[in-house]
>>> print(open('model-v8.cif').read())   # mmCIF, C-alpha atoms
data_coords
loop_
_atom_site.label_atom_id
_atom_site.label_comp_id
_atom_site.auth_asym_id
_atom_site.auth_seq_id
_atom_site.Cartn_x
_atom_site.Cartn_y
_atom_site.Cartn_z
CA MET A 93 8.47 -30.08 -20.17
CA SER A 94 8.28 -26.33 -19.91
CA ALA A 95 5.51 -23.89 -20.70
CA THR A 96 4.75 -22.62 -24.20
CA SER A 97 2.42 -19.75 -24.96
CA ALA A 98 -0.42 -22.20 -25.32
CA ASP A 99 -0.26 -23.91 -21.96
CA ARG A 100 1.03 -21.03 -19.84
CA ALA A 101 -0.52 -20.73 -16.43
CA ALA A 102 -0.65 -17.66 -14.25
CA PRO A 103 -0.80 -16.98 -10.53
CA ARG A 104 -4.37 -16.49 -9.41
CA SER A 105 -3.74 -13.87 -6.77
CA PRO A 106 -0.99 -11.92 -5.03
CA GLY A 107 -1.49 -14.39 -2.20
CA GLU A 108 -0.50 -17.23 -4.47
CA LEU A 109 2.61 -15.30 -5.50
CA PHE A 110 3.50 -14.91 -1.82
CA PHE A 111 2.90 -18.59 -1.15
CA VAL A 112 4.89 -19.90 -4.11
CA PHE A 113 7.85 -17.61 -3.56
CA SER A 114 7.88 -18.63 0.09
CA GLN A 115 8.17 -22.23 -1.06
CA LEU A 116 11.06 -21.26 -3.30
CA ALA A 117 12.88 -19.54 -0.47
CA LEU A 118 12.41 -22.38 2.01
CA GLN A 119 13.85 -24.89 -0.43
CA GLY A 120 16.68 -22.61 -1.48
CA PHE A 121 19.64 -23.93 0.42
CA GLY A 122 22.88 -22.52 -0.94
CA GLY A 123 21.00 -20.48 -3.54
CA VAL A 124 17.41 -19.98 -4.65
CA LEU A 125 17.88 -19.72 -8.41
CA PRO A 126 18.01 -23.43 -9.35
CA ILE A 127 14.85 -24.23 -7.41
CA ALA A 128 13.23 -21.05 -8.76
CA ARG A 129 13.81 -22.19 -12.32
CA HIS A 130 12.37 -25.61 -11.57
CA MET A 131 9.26 -24.34 -9.79
CA LEU A 132 8.40 -21.35 -11.98
CA VAL A 133 9.13 -22.88 -15.38
CA GLU A 134 8.52 -26.59 -14.94
CA ARG A 135 6.12 -27.00 -12.07
CA TYR A 136 3.87 -23.95 -12.16
CA ARG A 137 4.53 -22.97 -15.78
CA TRP A 138 4.25 -19.28 -15.13
CA LEU A 139 7.13 -18.65 -17.54
CA SER A 140 8.92 -20.37 -20.37
CA ILE A 141 12.60 -21.11 -19.89
CA ASP A 142 13.44 -18.36 -22.38
CA GLU A 143 11.40 -15.81 -20.47
CA PHE A 144 13.07 -16.92 -17.25
CA THR A 145 16.56 -16.57 -18.76
CA ASP A 146 15.60 -13.21 -20.18
CA ILE A 147 14.33 -11.88 -16.87
CA LEU A 148 17.40 -13.22 -15.09
CA ALA A 149 19.73 -11.44 -17.54
CA ARG A 150 17.94 -8.14 -16.99
CA CYS A 151 17.92 -8.57 -13.24
CA HIS A 152 21.60 -9.37 -13.25
CA ALA A 153 22.33 -6.00 -14.81
CA LEU A 154 20.35 -4.23 -12.11
CA PRO A 155 21.72 -3.69 -8.60
CA GLY A 156 20.40 -5.77 -5.77
CA PRO A 157 20.07 -9.48 -5.10
CA ASN A 158 19.23 -11.29 -8.35
CA ILE A 159 16.47 -13.56 -7.14
CA ILE A 160 14.75 -10.67 -5.38
CA ASN A 161 14.82 -8.64 -8.57
CA VAL A 162 13.39 -11.66 -10.41
CA SER A 163 10.53 -11.86 -7.92
CA ILE A 164 9.78 -8.17 -8.49
CA CYS A 165 9.66 -8.66 -12.26
CA ILE A 166 7.44 -11.73 -12.14
CA GLY A 167 5.12 -10.31 -9.49
CA SER A 168 4.76 -7.02 -11.31
CA ARG A 169 3.84 -8.74 -14.54
CA HIS A 170 0.73 -10.25 -13.01
CA PHE A 171 -0.51 -7.92 -10.32
CA GLY A 172 1.56 -4.77 -10.69
CA ALA A 173 3.07 -3.22 -7.60
CA LEU A 174 1.00 -5.43 -5.31
CA GLY A 175 2.23 -8.54 -7.12
CA ALA A 176 5.84 -7.37 -6.88
CA LEU A 177 5.39 -6.77 -3.16
CA ALA A 178 3.73 -10.16 -2.64
CA ALA A 179 6.42 -12.09 -4.50
CA CYS A 180 9.31 -10.25 -2.89
CA SER A 181 7.98 -10.46 0.66
CA GLY A 182 7.20 -14.15 0.13
CA LEU A 183 10.83 -14.67 -0.76
CA ILE A 184 12.12 -12.81 2.28
CA ALA A 185 9.63 -13.24 5.13
CA ALA A 186 10.18 -16.85 6.18
CA PRO A 187 13.97 -16.79 5.66
CA PHE A 188 14.14 -13.55 7.66
CA VAL A 189 12.52 -15.27 10.64
CA LEU A 190 14.57 -18.43 10.22
CA VAL A 191 17.90 -16.67 9.93
CA LEU A 192 17.20 -14.67 13.08
CA LEU A 193 16.22 -17.85 14.93
CA LEU A 194 19.50 -19.34 13.74
CA GLY A 195 21.32 -16.28 15.00
CA VAL A 196 19.68 -16.45 18.41
CA PHE A 197 20.38 -20.18 18.61
CA TYR A 198 23.99 -19.60 17.70
CA GLN A 199 24.39 -16.84 20.26
CA SER A 200 23.04 -19.13 22.99
CA PHE A 201 25.33 -21.97 22.04
CA ALA A 202 28.37 -20.10 20.71
CA ASP A 203 30.46 -21.24 23.65
CA VAL A 204 29.72 -24.88 22.98
CA PRO A 205 33.00 -25.84 21.27
CA ALA A 206 31.38 -28.23 18.79
CA ILE A 207 28.93 -25.59 17.51
CA ALA A 208 31.58 -22.92 17.14
CA ALA A 209 33.84 -25.42 15.41
CA ALA A 210 31.07 -26.51 13.03
CA LEU A 211 30.57 -22.91 12.02
CA ARG A 212 34.30 -22.38 11.51
CA GLY A 213 34.38 -25.37 9.21
CA SER A 214 31.38 -24.25 7.18
CA ALA A 215 32.73 -20.69 6.97
CA ALA A 216 35.89 -22.04 5.35
CA ILE A 217 33.74 -24.01 2.90
CA GLY A 218 31.63 -20.92 2.17
CA ALA A 219 34.72 -19.00 1.15
CA GLY A 220 35.60 -21.77 -1.30
CA LEU A 221 32.05 -21.77 -2.73
CA MET A 222 32.29 -18.07 -3.44
CA ILE A 223 35.71 -18.29 -5.09
CA ALA A 224 34.48 -21.19 -7.21
CA THR A 225 31.45 -19.15 -8.29
CA ALA A 226 33.77 -16.44 -9.58
CA LEU A 227 35.89 -19.06 -11.36
CA ARG A 228 32.87 -20.64 -13.05
CA MET A 229 31.59 -17.25 -14.14
CA SER A 230 34.98 -16.24 -15.52
CA VAL A 231 34.83 -18.71 -18.40
CA SER A 232 31.99 -16.77 -19.96
CA PRO A 233 32.84 -15.44 -23.43
CA ARG A 234 31.64 -12.05 -22.28
CA LEU A 235 34.80 -11.82 -20.23
CA ARG A 236 37.38 -11.92 -22.97
CA SER A 237 39.83 -9.21 -23.94
CA TRP A 238 39.45 -5.76 -22.46
CA ARG A 239 36.74 -6.85 -20.08
CA THR A 240 39.23 -8.95 -18.13
CA VAL A 241 41.06 -5.77 -17.26
CA PHE A 242 37.95 -4.30 -15.67
CA GLY A 243 37.40 -7.48 -13.71
CA LEU A 244 40.97 -7.47 -12.44
CA LEU A 245 40.80 -3.77 -11.58
CA ALA A 246 37.58 -4.28 -9.62
CA PHE A 247 39.11 -7.22 -7.79
CA ALA A 248 42.34 -5.37 -6.98
CA ALA A 249 40.61 -2.17 -5.92
CA VAL A 250 38.29 -3.93 -3.50
CA SER A 251 40.47 -6.79 -2.33
CA TRP A 252 43.94 -5.19 -2.09
CA LEU A 253 43.38 -1.47 -1.93
CA ARG A 254 40.17 -1.79 0.14
CA LEU A 255 38.66 1.16 -1.65
CA PRO A 256 35.00 2.06 -1.03
CA LEU A 257 32.70 0.28 -3.47
CA ALA A 258 31.03 3.54 -4.53
CA LEU A 259 34.38 4.88 -5.68
CA VAL A 260 35.39 1.70 -7.48
CA LEU A 261 32.10 1.44 -9.37
CA GLY A 262 31.91 5.18 -9.94
CA VAL A 263 35.20 5.03 -11.78
CA LEU A 264 35.02 1.65 -13.50
CA VAL A 265 31.37 1.37 -14.57
CA PRO A 266 31.22 4.42 -16.87
CA PHE A 267 34.37 3.30 -18.69
CA ALA A 268 33.16 -0.30 -18.90
CA LEU A 269 29.78 0.77 -20.28
CA ALA A 270 31.43 3.17 -22.74
CA ALA A 271 33.75 0.41 -23.94
CA ALA A 272 30.84 -2.02 -24.33
CA TRP A 273 28.82 0.56 -26.25
CA LEU A 274 31.75 1.42 -28.54
CA GLU A 275 32.34 -2.23 -29.24
CA GLY A 276 28.68 -2.78 -30.06
CA ASN A 277 28.65 0.16 -32.45
CA ARG A 278 31.85 -0.44 -34.32
CA MET B 184 20.90 3.16 19.30
CA LEU B 185 18.89 5.42 17.06
CA ASP B 186 22.00 6.81 15.42
CA ARG B 187 23.17 3.27 14.73
CA LEU B 188 19.85 2.54 13.01
CA GLY B 189 20.25 5.69 10.95
CA ILE B 190 23.76 4.74 9.88
CA LEU B 191 22.63 1.20 9.05
CA ALA B 192 19.73 2.52 6.98
CA ALA B 193 21.95 4.93 5.06
CA ASP B 194 24.83 2.51 4.50
CA PHE B 195 22.69 -0.40 3.36
CA GLY B 196 20.38 1.79 1.35
CA VAL B 197 23.35 3.00 -0.69
CA LEU B 198 24.75 -0.53 -0.88
CA SER B 199 21.46 -1.69 -2.30
CA LEU B 200 22.09 0.47 -5.34
CA LEU B 201 25.79 -0.42 -5.62
CA SER B 202 25.39 -4.18 -5.56
CA VAL B 203 25.58 -4.76 -9.30
CA GLY B 204 25.43 -8.36 -10.34
CA GLY B 205 23.80 -9.42 -7.08
CA GLY B 206 23.86 -8.94 -3.33
CA VAL B 207 27.10 -10.80 -2.71
CA SER B 208 29.24 -8.36 -4.72
CA ALA B 209 28.62 -5.91 -1.92
CA LEU B 210 30.02 -8.26 0.69
CA PRO B 211 33.51 -6.72 0.86
CA GLU B 212 31.92 -3.30 1.28
CA MET B 213 29.69 -4.62 4.07
CA HIS B 214 32.82 -5.97 5.73
CA ARG B 215 34.60 -2.66 5.30
CA THR B 216 31.69 -0.80 6.88
CA MET B 217 30.94 -3.17 9.76
CA VAL B 218 34.48 -4.14 10.70
CA GLU B 219 36.88 -1.46 9.48
CA VAL B 220 34.92 1.78 9.47
CA HIS B 221 32.60 1.34 12.48
CA GLY B 222 34.30 -1.48 14.35
CA TRP B 223 30.94 -3.04 15.23
CA MET B 224 32.23 -6.61 14.90
CA THR B 225 35.41 -8.51 14.26
CA SER B 226 36.36 -10.06 10.95
CA ALA B 227 35.84 -13.51 12.40
CA GLN B 228 32.33 -12.61 13.57
CA PHE B 229 31.52 -11.31 10.10
CA ALA B 230 32.59 -14.60 8.53
CA GLN B 231 30.57 -16.57 11.08
CA LEU B 232 27.44 -14.52 10.42
CA TYR B 233 27.85 -15.12 6.69
CA ALA B 234 28.22 -18.85 7.34
CA LEU B 235 24.99 -18.78 9.35
CA ALA B 236 23.16 -16.90 6.59
CA GLN B 237 24.38 -19.44 4.10
CA ALA B 238 23.19 -22.33 6.27
CA ALA B 239 19.69 -20.88 6.39
CA PRO B 240 17.40 -21.36 3.37
CA GLY B 241 16.68 -18.37 1.20
CA PRO B 242 18.75 -15.67 -0.47
CA ASN B 243 22.30 -15.45 0.90
CA MET B 244 21.92 -11.69 0.94
CA LEU B 245 20.05 -12.22 4.22
CA VAL B 246 23.45 -11.94 5.85
CA VAL B 247 22.47 -8.28 6.16
CA THR B 248 19.69 -9.35 8.54
CA LEU B 249 22.26 -10.90 10.84
CA LEU B 250 24.65 -7.96 10.47
CA GLY B 251 21.86 -5.59 11.52
CA TRP B 252 20.80 -7.86 14.37
CA GLN B 253 24.36 -8.12 15.68
CA THR B 254 24.68 -4.35 15.58
CA ALA B 255 21.31 -3.17 16.84
CA GLY B 256 19.08 -6.09 17.73
CA PHE B 257 15.77 -6.86 16.05
CA ALA B 258 15.27 -3.24 14.98
CA GLY B 259 18.69 -3.36 13.33
CA ALA B 260 17.73 -6.55 11.50
CA LEU B 261 14.56 -4.95 10.14
CA VAL B 262 16.37 -1.77 9.11
CA THR B 263 19.22 -3.47 7.24
CA THR B 264 16.94 -5.93 5.47
CA GLY B 265 14.54 -3.20 4.41
CA ALA B 266 17.33 -0.81 3.42
CA MET B 267 19.07 -3.49 1.35
CA CYS B 268 15.89 -4.40 -0.53
CA LEU B 269 13.80 -1.28 -1.01
CA PRO B 270 16.04 0.92 -3.21
CA SER B 271 17.04 -1.82 -5.63
CA CYS B 272 13.52 -3.30 -5.71
CA THR B 273 12.03 0.08 -6.54
CA LEU B 274 14.60 0.63 -9.28
CA THR B 275 13.98 -2.85 -10.68
CA PHE B 276 10.23 -2.31 -10.67
CA TRP B 277 10.44 0.88 -12.72
CA VAL B 278 13.18 -0.27 -15.08
CA ASP B 279 11.34 -3.53 -15.71
CA ARG B 280 8.22 -1.63 -16.72
CA LEU B 281 10.32 0.51 -19.03
CA TRP B 282 11.96 -2.49 -20.59
CA ARG B 283 8.66 -4.21 -21.17
CA SER B 284 7.18 -1.27 -23.00
CA GLU B 285 10.01 -0.66 -25.44
CA SER B 286 12.53 -2.81 -27.15
CA ALA B 287 15.68 -2.36 -25.08
CA VAL B 288 17.84 -5.22 -26.27
CA ALA B 289 20.69 -2.95 -27.32
CA TRP B 290 20.92 -1.34 -23.90
CA ARG B 291 20.73 -4.66 -22.16
CA ASN B 292 23.65 -5.98 -24.19
CA VAL B 293 25.71 -2.93 -23.31
CA LEU B 294 24.95 -3.38 -19.63
CA ASP B 295 25.59 -7.12 -19.69
CA ASN B 296 28.85 -6.81 -21.55
CA GLY B 297 30.05 -3.84 -19.57
CA LEU B 298 29.19 -5.07 -16.11
CA ALA B 299 29.85 -8.81 -16.36
CA ALA B 300 33.59 -8.68 -15.73
CA ILE B 301 33.26 -6.16 -12.91
CA THR B 302 30.70 -8.44 -11.26
CA VAL B 303 33.04 -11.42 -11.47
CA GLY B 304 35.89 -9.33 -10.04
CA LEU B 305 33.70 -8.30 -7.11
CA ILE B 306 32.54 -11.85 -6.43
CA ALA B 307 36.16 -13.02 -6.52
CA ALA B 308 36.98 -10.28 -4.02
CA SER B 309 34.10 -11.49 -1.81
CA GLY B 310 35.51 -15.00 -1.88
CA VAL B 311 39.00 -13.82 -0.98
CA LEU B 312 37.60 -11.72 1.84
CA LEU B 313 35.69 -14.67 3.30
CA ALA B 314 38.79 -16.83 2.94
CA ARG B 315 40.95 -14.30 4.78
CA ALA B 316 38.44 -14.16 7.63
CA ALA B 317 37.75 -17.89 7.83
CA ASP B 318 41.13 -19.48 7.10
CA ILE B 319 42.55 -19.17 10.57
CA ASN B 320 44.76 -22.24 10.23
CA PRO B 321 46.12 -24.48 7.47
CA ALA B 322 43.27 -26.97 7.92
CA ALA B 323 40.70 -24.24 7.24
CA THR B 324 42.66 -23.16 4.17
CA GLY B 325 42.55 -26.78 3.06
CA LEU B 326 38.77 -26.81 3.41
CA THR B 327 38.48 -23.62 1.38
CA ALA B 328 40.74 -25.01 -1.33
CA ALA B 329 38.82 -28.29 -1.44
CA ALA B 330 35.48 -26.51 -1.66
CA THR B 331 36.82 -24.27 -4.44
CA VAL B 332 38.06 -27.15 -6.56
CA LEU B 333 35.03 -29.39 -5.97
CA THR B 334 32.50 -26.65 -6.74
CA TRP B 335 34.44 -25.46 -9.76
CA ARG B 336 34.92 -28.86 -11.33
CA THR B 337 31.97 -30.97 -10.19
CA GLN B 338 28.20 -30.74 -9.71
CA ILE B 339 28.24 -31.50 -6.01
CA HIS B 340 25.42 -29.65 -4.25
CA PRO B 341 26.83 -26.91 -1.96
CA LEU B 342 24.87 -28.28 0.96
CA TRP B 343 26.96 -31.46 1.06
CA LEU B 344 30.14 -29.41 1.17
CA ILE B 345 28.82 -27.15 3.94
CA ALA B 346 27.82 -30.22 5.95
CA ALA B 347 31.25 -31.75 5.40
CA GLY B 348 32.88 -28.54 6.59
CA ALA B 349 30.72 -28.48 9.71
CA LEU B 350 31.62 -32.11 10.46
CA ALA B 351 35.30 -31.37 9.92
CA GLY B 352 34.97 -28.59 12.45
CA ILE B 353 33.21 -30.79 14.99
CA ALA B 354 35.85 -33.47 14.46
CA GLY B 355 38.40 -30.96 15.66
CA LEU B 356 40.15 -30.47 12.35
CA VAL B 357 39.63 -26.72 12.16
#
>>> encode(input="model-v8.cif", output="structure tokens")
Amino acid sequence: MSATSADRAAPRSPGELFFVFSQLALQGFGGVLPIARHMLVERYRWLSIDEFTDILARCHALPGPNIINVSICIGSRHFGALGALAACSGLIAAPFVLVLLLGVFYQSFADVPAIAAALRGSAAIGAGLMIATALRMSVSPRLRSWRTVFGLLAFAAVSWLRLPLALVLGVLVPFALAAAWLEGNR
Amino acid sequence: MLDRLGILAADFGVLSLLSVGGGVSALPEMHRTMVEVHGWMTSAQFAQLYALAQAAPGPNMLVVTLLGWQTAGFAGALVTTGAMCLPSCTLTFWVDRLWRSESAVAWRNVLDNGLAAITVGLIAASGVLLARAADINPAATGLTAAATVLTWRTQIHPLWLIAAGALAGIAGLV
């Protein structure tokens, strides 16, 4: 059951934002978004599912990691800049420490064959996860017709030609936006 | 050391604003910078650091923390993480306020429709990059292919697949 306007709750302090987003991050193995949806919409009821989807769509259009942008939006809604800071740092602080600990651990044990091998295996899996993500996203109806061309161009430019990202986006994005705007105003 | 921190701050600060559709679309560019332009790590190391970041809970974009740490220690980790977050977070904060005060549905549709395909292209490029770095033998390629198919067609949680990959490695398959 998700929140409606009537039974919406709200975070009581920036501290609570920090605490809840920390929980999200620490449970977010392989991606924070699914657990974020569950905690924010179903458990804490700070948003309805529609509001969550809405915020996610906006954050997807903005540069930067999606879930971090989401934390900024939600935090800012309740306690302004301080709320945004609390939510975002909650999301990053504990994982930052953990990932460095993992790095240090790995460096100490990198010459243990089993550990290096385990990482090689999971790196190969990680590549597959990423490719599958692109495949799952590519069935979206937003990707039909002319848009496919932009997707292929972006892929080719970065993957084959190894062009700098700034150049690729600088060229493709204006045309893609212009095409989208023209289509919307036909 | 200080010049490395400066370069890291500048590179990741710019990347922060170029990573449309999410942090991972900037992964090939991070690779280009770290491995090809500056030569601060090998391709294999890059893939390993990404695998570590993925194994840790939290946003996968925290790979930048490890990239900074590998390059310039703890200071490097702080600089890359901050540089990757601050520009885009600031932009998001202001744009979000703008979008809450006016009706901006039309603009959002234009952005969504215009950028969606480019985002998918970039994520596909990230996947191919990781595969090139990680698939050092046919067995590894097999793991990548299996993970691709299973994630694409089923609802298996990624963590199971990562664990299976790690076990396959320990078992001497990779």
>>> resolve_selection(input="model-v8.cif", expression="the PyMOL selection byres ((chain B and resi 325) around 12)", output="list in words")
Gly213, Ala216, Ile217, Ala219 and Gly220 of chain A; Ala314, Ala317, Asp318, Ile319, Asn320, Pro321, Ala322, Ala323, Thr324, Leu326, Thr327, Ala328, Ala329, Ala330, Thr331, Val332, Gly348, Ala351, Leu356 and Val357 of chain B
>>> resolve_selection(input="model-v8.cif", expression="the PyMOL selection byres ((chain B and resi 240-246) around 6)", output="MDAnalysis selection string")
(chainID A and resid 117:118 120:121 187) or (chainID B and resid 206 233 236:237 239 247:249)
>>> axis_aligned_box(input="model-v8.cif", around="region 336-351 of chain B", padding_each_side="6 Å", output="AutoDock Vina command-line options")
--center_x 30.1 --center_y -29.5 --center_z -0.4 --size_x 22.4 --size_y 17.2 --size_z 33.8
>>> resolve_selection(input="model-v8.cif", expression="the PyMOL selection byres ((chain B and resi 212) around 10)", output="VMD selection string")
(chain A and resid 250 to 251 254 to 258) or (chain B and resid 194 to 195 198 201 to 202 207 to 211 213 to 219 305 309)
>>> residues_around(input="model-v8.cif", residues="region 141-157 of chain A", least_positions_apart="5", cutoff="7 Å", atoms="all atoms listed in the file", output="ChimeraX atom specification")
/A:94,133,162 /B:199-206,244,271,275,291,294-295
>>> residues_around(input="model-v8.cif", residues="Ala266 (chain B)", least_positions_apart="4", cutoff="7 Å", atoms="all atoms listed in the file", output="list in words")
Ala192, Phe195, Gly196, Val262 and Pro270 of chain B
>>> atom_distance(input="model-v8.cif", atom1="CA of Arg169 (chain A)", atom2="CA of Leu298 (chain B)")
25.7 Å
>>> atom_distance(input="model-v8.cif", atom1="CA of Gly107 (chain A)", atom2="CA of Trp252 (chain B)")
28.5 Å
>>> closest_residue(input="model-v8.cif", among="A:Tyr198, A:Phe247, A:Trp138, A:Phe267", to="chain B", atoms="only C-alpha atoms")
A:Phe247
>>> residues_near_point(input="model-v8.cif", point="(22.9, -1.5, -28.6)", cutoff="8 Å", atoms="only C-alpha atoms", output="VMD selection string")
(chain A and resid 273 276 to 277) or (chain B and resid 288 to 293)
>>> closest_residue(input="model-v8.cif", among="B:Gly352, B:Gly189, B:Gly259, B:Gly251", to="chain A", atoms="all atoms listed in the file")
B:Gly352
>>> closest_residue(input="model-v8.cif", among="B:Val278, B:Ala354, B:Ile339, B:Ile301", to="chain A", atoms="only C-alpha atoms")
B:Ile301
>>> closest_residue(input="model-v8.cif", among="A:Val112, A:Ile164, A:Val196, A:Val204", to="chain B", atoms="only C-alpha atoms")
A:Ile164
>>> closest_residue(input="model-v8.cif", among="B:Leu235, B:Arg336, B:Ala227, B:Pro341", to="Ile207 (chain A)", atoms="only C-alpha atoms")
B:Leu235
>>> residues_around(input="model-v8.cif", residues="Trp335 (chain B)", least_positions_apart="6", cutoff="10 Å", atoms="all atoms listed in the file", output="compact mmCIF listing (two decimals) with C-alpha atoms, keeping the file's coordinate frame")
# COMPACT_ATOMS: atom_id res chain seq x y z
CA GLY A 220 35.60 -21.77 -1.30
CA LEU A 221 32.05 -21.77 -2.73
CA MET A 222 32.29 -18.07 -3.44
CA ILE A 223 35.71 -18.29 -5.09
CA ALA A 224 34.48 -21.19 -7.21
CA THR A 225 31.45 -19.15 -8.29
CA ALA A 226 33.77 -16.44 -9.58
CA LEU A 227 35.89 -19.06 -11.36
CA ARG A 228 32.87 -20.64 -13.05
CA MET A 229 31.59 -17.25 -14.14
CA ALA B 329 38.82 -28.29 -1.44
>>> closest_residue(input="model-v8.cif", among="A:Gly123, A:Val241, A:Trp252, A:Phe188", to="His340 (chain B)", atoms="only C-alpha atoms")
A:Gly123
